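Source file my_file.cif; content: mmCIF, C-alpha atoms and all ligand atoms.
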```
data_query
loop_
_atom_site.label_atom_id
_atom_site.label_comp_id
_atom_site.auth_asym_id
_atom_site.auth_seq_id
_atom_site.Cartn_x
_atom_site.Cartn_y
_atom_site.Cartn_z
CA MET E 609 -94.82 -74.54 56.90
CA THR E 610 -98.12 -73.69 58.60
CA GLU E 611 -100.99 -73.26 56.24
CA VAL E 612 -102.47 -69.76 56.09
CA VAL E 613 -106.25 -69.73 56.49
CA HIS E 614 -107.81 -67.14 54.20
CA THR E 615 -111.06 -65.45 55.16
CA PRO E 616 -113.81 -66.15 52.62
CA ARG E 617 -113.99 -63.60 49.83
CA VAL E 618 -115.85 -63.86 46.54
CA PHE E 619 -114.66 -62.38 43.24
CA SER E 620 -116.01 -62.67 39.73
CA GLY E 621 -116.03 -60.70 36.51
CA ILE E 622 -117.73 -60.32 33.16
CA GLN E 623 -116.30 -58.82 29.97
CA PRO E 624 -117.99 -55.64 28.72
CA SER E 625 -117.52 -56.85 25.18
CA GLY E 626 -121.14 -56.78 24.04
CA GLY E 627 -124.61 -57.08 25.49
CA LEU E 628 -125.45 -59.34 28.42
CA THR E 629 -127.14 -62.64 27.59
CA LEU E 630 -129.43 -64.96 29.51
CA GLY E 631 -126.34 -67.22 29.80
CA ASN E 632 -124.44 -64.49 31.67
CA TYR E 633 -127.46 -63.89 33.88
CA LEU E 634 -128.26 -67.49 34.84
CA GLY E 635 -124.67 -68.81 34.82
CA ALA E 636 -123.11 -65.87 36.61
CA ILE E 637 -125.03 -62.76 37.77
CA LYS E 638 -127.87 -64.62 39.48
CA ARG E 639 -125.27 -66.61 41.41
CA PHE E 640 -123.41 -63.38 42.25
CA VAL E 641 -126.60 -62.09 43.89
CA ASP E 642 -126.99 -65.32 45.90
CA MET E 643 -123.44 -65.01 47.20
CA GLN E 644 -123.91 -61.32 48.02
CA GLU E 645 -126.91 -62.29 50.15
CA SER E 646 -124.92 -64.99 51.96
CA GLY E 647 -123.06 -62.27 53.83
CA ILE E 648 -119.54 -63.04 52.51
CA GLU E 649 -117.51 -60.10 51.17
CA THR E 650 -118.17 -59.94 47.41
CA LEU E 651 -116.36 -58.11 44.61
CA TYR E 652 -117.79 -58.03 41.07
CA CYS E 653 -115.83 -56.54 38.24
CA MET E 654 -116.36 -55.36 34.67
CA VAL E 655 -113.16 -56.73 33.14
CA ASP E 656 -112.48 -54.01 30.58
CA LEU E 657 -108.79 -54.95 30.27
CA HIS E 658 -109.85 -58.43 29.21
CA ALA E 659 -112.39 -57.07 26.72
CA ILE E 660 -109.67 -55.33 24.68
CA THR E 661 -107.85 -58.60 23.99
CA VAL E 662 -110.06 -58.47 20.89
CA TRP E 663 -110.83 -55.18 19.13
CA GLN E 664 -113.38 -52.93 20.90
CA ASP E 665 -114.54 -49.63 19.51
CA PRO E 666 -113.81 -47.11 22.34
CA ALA E 667 -117.32 -45.62 22.37
CA ASP E 668 -118.86 -49.11 22.42
CA LEU E 669 -116.54 -50.20 25.24
CA ARG E 670 -117.59 -47.23 27.36
CA HIS E 671 -121.28 -47.92 26.65
CA ASN E 672 -120.96 -51.66 27.29
CA THR E 673 -119.10 -51.13 30.57
CA ARG E 674 -121.87 -48.87 31.86
CA GLU E 675 -124.57 -51.22 30.57
CA LEU E 676 -122.92 -54.17 32.31
CA ALA E 677 -122.82 -52.18 35.55
CA ALA E 678 -126.51 -51.35 35.03
CA GLY E 679 -127.19 -55.06 34.48
CA TYR E 680 -125.41 -56.01 37.70
CA ILE E 681 -127.41 -53.50 39.71
CA ALA E 682 -130.75 -54.17 37.99
CA ALA E 683 -130.34 -57.91 38.68
CA GLY E 684 -129.93 -57.27 42.40
CA LEU E 685 -126.30 -56.45 43.11
CA ASP E 686 -126.23 -53.62 45.62
CA PRO E 687 -123.23 -51.25 45.56
CA ALA E 688 -123.64 -50.85 49.31
CA LYS E 689 -123.20 -54.61 49.82
CA SER E 690 -120.92 -55.69 46.95
CA ILE E 691 -117.88 -53.88 45.59
CA LEU E 692 -118.75 -53.11 41.96
CA PHE E 693 -115.96 -51.67 39.80
CA ASN E 694 -114.17 -51.78 36.49
CA GLN E 695 -110.82 -53.52 36.29
CA SER E 696 -108.78 -50.75 34.64
CA GLN E 697 -109.41 -48.41 37.61
CA VAL E 698 -107.52 -50.79 39.90
CA SER E 699 -104.03 -50.92 38.41
CA ALA E 700 -102.97 -53.73 40.76
CA HIS E 701 -104.76 -56.17 38.40
CA ALA E 702 -102.45 -55.31 35.50
CA GLU E 703 -99.37 -55.23 37.73
CA LEU E 704 -100.02 -58.65 39.27
CA GLY E 705 -100.99 -59.84 35.78
CA TRP E 706 -97.46 -59.03 34.64
CA LEU E 707 -95.89 -60.89 37.56
CA PHE E 708 -98.09 -63.90 36.78
CA SER E 709 -97.09 -63.73 33.10
CA CYS E 710 -93.62 -64.52 34.38
CA VAL E 711 -94.91 -67.42 36.51
CA ALA E 712 -97.32 -69.07 34.04
CA ARG E 713 -95.85 -71.17 31.21
CA MET E 714 -96.46 -70.91 27.45
CA GLY E 715 -97.57 -74.55 27.39
CA TRP E 716 -100.34 -73.84 29.93
CA MET E 717 -101.72 -71.05 27.77
CA LYS E 718 -101.60 -73.13 24.60
CA ARG E 719 -103.92 -75.69 26.17
CA MET E 720 -106.68 -73.17 26.92
CA THR E 721 -109.77 -74.03 24.89
CA GLN E 722 -111.12 -70.45 25.08
CA PHE E 723 -107.95 -69.20 23.37
CA LYS E 724 -108.28 -71.86 20.68
CA ASP E 725 -111.96 -71.00 20.15
CA LYS E 726 -111.42 -67.24 20.07
CA ALA E 727 -108.20 -67.21 18.03
CA GLY E 728 -109.64 -69.73 15.58
CA LYS E 729 -107.51 -70.79 12.63
CA ASN E 730 -105.57 -67.54 12.61
CA ALA E 731 -103.78 -67.88 15.96
CA GLU E 732 -100.65 -66.07 14.66
CA ASN E 733 -102.75 -62.95 14.23
CA ALA E 734 -104.36 -63.06 17.70
CA SER E 735 -103.21 -60.39 20.17
CA LEU E 736 -100.57 -61.27 22.72
CA GLY E 737 -103.14 -60.17 25.32
CA LEU E 738 -105.58 -62.84 24.17
CA PHE E 739 -102.88 -65.48 24.58
CA GLY E 740 -101.92 -64.30 28.05
CA TYR E 741 -105.54 -63.61 29.09
CA PRO E 742 -105.64 -66.35 31.80
CA ALA E 743 -102.63 -64.86 33.63
CA LEU E 744 -104.53 -61.58 34.01
CA MET E 745 -107.62 -63.54 35.07
CA ALA E 746 -105.58 -65.31 37.77
CA ALA E 747 -104.41 -61.86 38.91
CA ASP E 748 -108.03 -60.58 39.07
CA ILE E 749 -108.86 -63.35 41.49
CA LEU E 750 -105.67 -63.61 43.51
CA ILE E 751 -105.07 -59.86 43.99
CA TYR E 752 -107.91 -60.09 46.55
CA HIS E 753 -106.86 -63.49 47.94
CA SER E 754 -110.32 -64.57 46.78
CA THR E 755 -111.44 -67.95 48.03
CA HIS E 756 -114.55 -68.49 45.85
CA VAL E 757 -115.31 -67.60 42.24
CA PRO E 758 -118.85 -68.09 40.87
CA VAL E 759 -118.77 -68.71 37.10
CA GLY E 760 -120.42 -70.68 34.31
CA GLU E 761 -118.96 -74.00 33.25
CA ASP E 762 -116.94 -72.51 30.37
CA GLN E 763 -114.58 -70.84 32.87
CA LYS E 764 -113.60 -74.05 34.66
CA GLN E 765 -110.30 -74.46 32.81
CA HIS E 766 -109.29 -70.87 33.55
CA LEU E 767 -109.94 -71.44 37.24
CA GLU E 768 -107.80 -74.56 37.23
CA LEU E 769 -105.02 -72.47 35.71
CA THR E 770 -105.52 -69.88 38.46
CA ARG E 771 -104.83 -72.59 41.01
CA ASP E 772 -101.76 -73.68 39.04
CA VAL E 773 -100.44 -70.12 39.04
CA ALA E 774 -101.02 -69.77 42.80
CA ALA E 775 -99.34 -73.11 43.49
CA LYS E 776 -96.30 -72.35 41.29
CA PHE E 777 -95.85 -68.89 42.80
CA ASN E 778 -96.09 -70.27 46.33
CA HIS E 779 -93.68 -73.09 45.45
CA ASP E 780 -91.13 -70.96 43.53
CA PHE E 781 -90.84 -68.40 46.33
CA GLY E 782 -91.26 -70.85 49.23
CA VAL E 783 -94.32 -69.10 50.64
CA ASP E 784 -97.93 -69.93 51.39
CA PHE E 785 -99.26 -66.61 50.16
CA PHE E 786 -101.89 -67.12 47.47
CA PRO E 787 -104.96 -69.26 48.29
CA MET E 788 -106.22 -72.22 46.25
CA THR E 789 -109.40 -70.62 44.97
CA GLU E 790 -112.55 -72.75 44.67
CA PRO E 791 -114.67 -72.43 41.54
CA VAL E 792 -118.39 -72.23 42.31
CA ILE E 793 -120.18 -73.74 39.31
CA GLU E 794 -123.68 -74.42 40.58
CA GLY E 795 -127.34 -74.21 39.69
CA ALA E 796 -129.53 -75.59 36.91
CA ALA E 797 -127.99 -73.46 34.16
CA THR E 798 -124.20 -73.51 34.37
CA ARG E 799 -124.14 -73.87 30.58
CA VAL E 800 -127.05 -72.20 28.78
CA MET E 801 -127.11 -73.31 25.15
CA SER E 802 -128.03 -71.54 21.91
CA LEU E 803 -131.77 -71.45 21.15
CA ARG E 804 -130.97 -72.48 17.57
CA ASP E 805 -128.53 -75.33 18.30
CA GLY E 806 -128.55 -77.15 21.63
CA THR E 807 -124.94 -78.29 21.20
CA LYS E 808 -123.54 -74.73 21.07
CA LYS E 809 -123.16 -72.36 24.02
CA MET E 810 -125.41 -69.28 24.11
CA SER E 811 -123.00 -66.46 23.40
CA LYS E 812 -123.01 -62.71 22.91
CA SER E 813 -120.79 -63.21 19.88
CA ASP E 814 -123.13 -65.63 18.04
CA PRO E 815 -123.87 -64.05 14.63
CA SER E 816 -127.55 -65.01 14.99
CA ASP E 817 -129.46 -62.81 17.45
CA ALA E 818 -132.22 -65.45 17.50
CA ALA E 819 -129.76 -67.85 19.19
CA ARG E 820 -129.73 -65.86 22.43
CA ILE E 821 -131.91 -63.85 24.77
CA ASN E 822 -130.32 -60.49 25.50
CA MET E 823 -130.95 -58.89 28.88
CA THR E 824 -132.12 -55.78 26.98
CA ASP E 825 -134.72 -57.69 24.89
CA ASP E 826 -138.32 -56.53 25.36
CA ALA E 827 -141.20 -58.90 26.19
CA ASP E 828 -142.23 -59.38 22.53
CA THR E 829 -138.71 -60.23 21.45
CA ILE E 830 -138.26 -62.71 24.30
CA ALA E 831 -141.58 -64.36 23.40
CA LYS E 832 -140.70 -64.56 19.70
CA LYS E 833 -137.28 -66.08 20.36
CA ILE E 834 -138.65 -68.74 22.72
CA ARG E 835 -141.50 -69.60 20.34
CA LYS E 836 -138.99 -70.08 17.53
CA ALA E 837 -136.44 -71.98 19.67
CA LYS E 838 -135.44 -75.32 18.19
CA THR E 839 -137.05 -78.34 19.87
CA ASP E 840 -137.82 -81.96 19.03
CA PRO E 841 -141.22 -83.54 18.35
CA ASP E 842 -141.47 -85.61 21.56
CA ALA E 843 -143.34 -84.81 24.76
CA LEU E 844 -141.32 -83.82 27.84
CA PRO E 845 -140.13 -86.70 30.05
CA SER E 846 -141.00 -86.79 33.73
CA GLU E 847 -137.35 -86.95 34.91
CA ALA E 848 -134.17 -85.10 33.89
CA LYS E 849 -132.45 -88.31 32.86
CA GLY E 850 -134.95 -88.59 30.00
CA LEU E 851 -133.35 -85.46 28.47
CA GLU E 852 -129.91 -86.98 27.95
CA ASP E 853 -129.98 -87.14 24.15
CA ARG E 854 -132.25 -84.15 23.70
CA PRO E 855 -129.99 -81.09 23.94
CA GLU E 856 -132.59 -78.49 22.91
CA ALA E 857 -135.26 -79.89 25.23
CA ARG E 858 -132.76 -80.11 28.07
CA ASN E 859 -131.71 -76.50 27.52
CA LEU E 860 -135.26 -75.12 27.72
CA VAL E 861 -136.02 -77.18 30.83
CA ASN E 862 -132.79 -76.02 32.48
CA ILE E 863 -133.62 -72.39 31.66
CA PHE E 864 -137.08 -72.87 33.19
CA ALA E 865 -135.52 -74.50 36.27
CA ALA E 866 -132.93 -71.74 36.77
CA LEU E 867 -135.44 -68.92 36.28
CA SER E 868 -137.81 -70.49 38.81
CA ASP E 869 -135.08 -71.58 41.30
CA GLN E 870 -135.90 -75.25 41.01
CA SER E 871 -134.06 -78.36 39.83
CA ALA E 872 -134.79 -79.79 36.36
CA ASP E 873 -136.33 -82.84 38.08
CA ALA E 874 -138.74 -80.64 40.04
CA VAL E 875 -139.79 -78.84 36.84
CA LEU E 876 -140.34 -82.13 35.03
CA ALA E 877 -142.39 -83.52 37.89
CA ASP E 878 -144.88 -80.76 36.97
CA VAL E 879 -144.60 -80.58 33.20
CA GLY E 880 -143.61 -84.15 32.26
CA GLY E 881 -145.88 -85.42 29.46
CA LYS E 882 -146.56 -81.95 28.01
CA GLN E 883 -145.77 -81.07 24.41
CA PHE E 884 -143.60 -78.06 23.59
CA SER E 885 -146.71 -76.30 22.27
CA GLU E 886 -147.85 -76.17 25.90
CA PHE E 887 -144.47 -75.81 27.63
CA LYS E 888 -143.14 -72.94 25.52
CA PRO E 889 -145.91 -70.48 26.49
CA MET E 890 -145.21 -71.33 30.16
CA LEU E 891 -141.54 -70.57 29.59
CA VAL E 892 -142.41 -67.31 27.79
CA ASP E 893 -144.52 -66.17 30.75
CA LEU E 894 -141.84 -67.06 33.28
CA ALA E 895 -139.01 -65.47 31.27
CA VAL E 896 -140.95 -62.26 30.71
CA GLU E 897 -141.96 -62.11 34.38
CA LYS E 898 -138.35 -62.51 35.56
CA LEU E 899 -136.45 -60.62 32.86
CA SER E 900 -138.66 -57.65 31.98
CA PRO E 901 -138.18 -55.86 35.31
CA ILE E 902 -134.41 -56.25 34.90
CA SER E 903 -134.33 -54.80 31.39
CA ALA E 904 -136.63 -51.93 32.43
CA GLU E 905 -134.37 -51.11 35.38
CA MET E 906 -131.27 -51.32 33.16
CA ALA E 907 -132.83 -48.78 30.78
CA ARG E 908 -133.66 -46.49 33.70
CA LEU E 909 -130.13 -46.68 35.12
CA MET E 910 -128.62 -46.02 31.68
CA GLY E 911 -130.49 -42.70 31.71
CA ASP E 912 -127.97 -41.45 34.30
CA PRO E 913 -124.47 -42.53 33.18
CA ALA E 914 -122.80 -40.10 35.62
CA GLU E 915 -124.36 -42.01 38.53
CA ILE E 916 -123.03 -45.31 37.14
CA ASP E 917 -119.56 -43.80 36.79
CA ARG E 918 -119.77 -42.57 40.38
CA ILE E 919 -120.66 -46.06 41.62
CA LEU E 920 -117.75 -47.58 39.68
CA GLY E 921 -115.38 -44.91 41.01
CA GLN E 922 -116.42 -45.64 44.59
CA GLY E 923 -116.20 -49.39 44.09
CA SER E 924 -112.72 -49.02 42.57
CA ALA E 925 -111.50 -47.04 45.59
CA ARG E 926 -112.75 -49.80 47.90
CA ALA E 927 -111.16 -52.48 45.71
CA ARG E 928 -107.79 -50.66 45.69
CA LYS E 929 -107.77 -50.69 49.50
CA ILE E 930 -107.82 -54.49 49.48
CA ALA E 931 -105.62 -55.03 46.42
CA ASN E 932 -102.75 -52.61 47.06
CA PRO E 933 -101.38 -54.17 50.28
CA ILE E 934 -101.50 -57.62 48.65
CA LEU E 935 -99.64 -56.24 45.62
CA GLU E 936 -96.99 -54.64 47.85
CA LYS E 937 -96.45 -57.89 49.71
CA THR E 938 -96.19 -59.75 46.38
CA TYR E 939 -93.53 -57.33 45.09
CA ASP E 940 -91.64 -57.80 48.33
CA ILE E 941 -91.75 -61.60 48.03
CA VAL E 942 -90.47 -61.34 44.44
CA GLY E 943 -87.58 -59.07 45.51
CA MET E 944 -88.59 -55.68 44.13
CA ILE E 945 -87.32 -52.59 45.96
CA ARG E 946 -90.24 -50.36 46.95
CA SER E 947 -88.82 -47.26 48.64
P1 LIG M 1001 -117.55 -63.89 30.02
O1 LIG M 1001 -117.59 -62.41 29.97
O2 LIG M 1001 -117.45 -64.64 28.74
O3 LIG M 1001 -118.83 -64.45 30.78
C1 LIG M 1001 -119.18 -63.96 32.06
C2 LIG M 1001 -119.79 -65.05 32.92
O4 LIG M 1001 -120.96 -65.59 32.29
C3 LIG M 1001 -120.83 -67.00 32.20
N1 LIG M 1001 -121.47 -67.45 30.96
C4 LIG M 1001 -122.36 -68.45 30.90
N2 LIG M 1001 -122.88 -69.25 31.85
C5 LIG M 1001 -123.80 -70.18 31.45
N3 LIG M 1001 -124.17 -70.33 30.15
C6 LIG M 1001 -123.67 -69.55 29.17
N4 LIG M 1001 -124.05 -69.70 27.91
C7 LIG M 1001 -122.72 -68.55 29.52
N5 LIG M 1001 -122.03 -67.61 28.81
C8 LIG M 1001 -121.27 -66.95 29.71
C9 LIG M 1001 -119.34 -67.27 32.19
O5 LIG M 1001 -119.04 -68.58 32.58
C10 LIG M 1001 -118.83 -66.23 33.15
O6 LIG M 1001 -118.97 -66.68 34.49
N6 LIG M 1001 -112.90 -64.94 31.48
C11 LIG M 1001 -114.20 -64.49 31.94
C12 LIG M 1001 -114.18 -63.13 32.58
C13 LIG M 1001 -113.22 -62.98 33.72
C14 LIG M 1001 -113.38 -63.56 35.02
C15 LIG M 1001 -112.25 -63.12 35.75
C16 LIG M 1001 -114.33 -64.39 35.59
C17 LIG M 1001 -112.08 -62.26 33.72
N7 LIG M 1001 -111.48 -62.34 34.94
C18 LIG M 1001 -112.06 -63.52 37.08
C19 LIG M 1001 -114.15 -64.78 36.93
C20 LIG M 1001 -113.03 -64.34 37.65
C21 LIG M 1001 -115.13 -64.44 30.73
O7 LIG M 1001 -114.71 -64.36 29.60
O8 LIG M 1001 -116.43 -64.37 31.02
#
```

Could you show the structure in this file as structure tokens?
Amino acid sequence: MTEVVHTPRVFSGIQPSGGLTLGNYLGAIKRFVDMQESGIETLYCMVDLHAITVWQDPADLRHNTRELAAGYIAAGLDPAKSILFNQSQVSAHAELGWLFSCVARMGWMKRMTQFKDKAGKNAENASLGLFGYPALMAADILIYHSTHVPVGEDQKQHLELTRDVAAKFNHDFGVDFFPMTEPVIEGAATRVMSLRDGTKKMSKSDPSDAARINMTDDADTIAKKIRKAKTDPDALPSEAKGLEDRPEARNLVNIFAALSDQSADAVLADVGGKQFSEFKPMLVDLAVEKLSPISAEMARLMGDPAEIDRILGQGSARARKIANPILEKTYDIVGMIRS
């Protein structure tokens, strides 16, 4: 069989299940902007169908979807360059998600660490949607024949499963139809950690607001959170390898590096030898300089929700144009009559 060469196409998504954090920004959105500027076709989604795998109040879901769209745009995603849309407006995601639920195996899902983390001890009471979440995620990506998916490190396992789904589908039906998508996990902050505990991921669901920087935080709040961030008593080393057993120190240096588009080694070449009492104010200044314009622009965009809805409607129409022919072809391969 000759191998089909797929034209490069980038897809990624974020759940509108709460506010955006600095982790989402540095691990994902900032990378989305880089890829948009590289000239490849880019699609960025608010994955509302994924959000409801755990309970979402309907009014909150609507608000969070618009706020996420505002965050995308405020951070530099341009609806004229990237296709920005919410998942539920492109029904092909759910339809291919069903087909993939019949391709993926129970055992694959049981191994997913995100399911284990989210379901916790009470897995019997988790929704069926939460269990099957990665099949829908594979559909999000493969419904566009996407070749590259920028994400933070926590999504690596889901992207491996996406490749497994593509490979099993292609094998079962004797086709070379779905591409082997490449994860793009790059930059200085692929895993931003909690400001209170350097061994835990920064997360929108952390009960402590002090553990994270929200993209809607004002300058004073950002400054307070960084000043209070956990550190250790030692001075900063002059190379990144000196941070190996210092998770909190490493996290703050990585945040500095990602915000200033440098490597951790380049940052430490400048600040090595400084105490945190000197480094933290530098980080406050940098974070406020980079994040305040984004939060101000988000607030401005949220003043006109109808305009956000219009942008999502337009993006969804563009997304459907790519997704629907791929869905039709998939149904045909599977043997469904489409008259
Ligand atoms: P979600 O909504 O949890 O997170 C969205 C993106 O932000 C990244 N991220 C982080 N990166 C660095 N440090 C952190 N502390 C941090 N926290 C979050 C995530 O890695 C992710 O890139 N399953 C996905 C959503 C999804 C998706 C997709 C992604 C659904 N379908 C298809 C890509 C392609 C999720 O829960 O992301």

_At most 9 Å from ligand LIG 1001 (chain M) (all atoms listed in the file): residue list as a VMD selection string_ = chain E and resid 619 to 626 628 to 637 652 to 659 695 722 741 to 742 744 to 749 757 to 764 766 to 767 791 793 797 to 802 808 to 812 820

_Which residue of E:Pro933, E:Gly728, E:Pro901, E:Pro889 approaches E:Ala682 most closely, using all atoms listed in the file_ = E:Pro901

*asked:* Just checking: using only C-alpha atoms, which residue out of E:Glu905, E:Ile945, E:Val711, E:Ile648 ends up closest to E:Thr824?
replied: E:Glu905

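Interatomic distance, atom CA of E:Met788 to atom CA of E:Ser646: 20.8 Å.
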
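The spacing separating atom CA of E:Ala907 from atom CA of E:Leu867 amounts to 21.0 Å.
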
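Atom CA of E:Glu794 sits 11.1 Å away from atom CA of E:Ser871.
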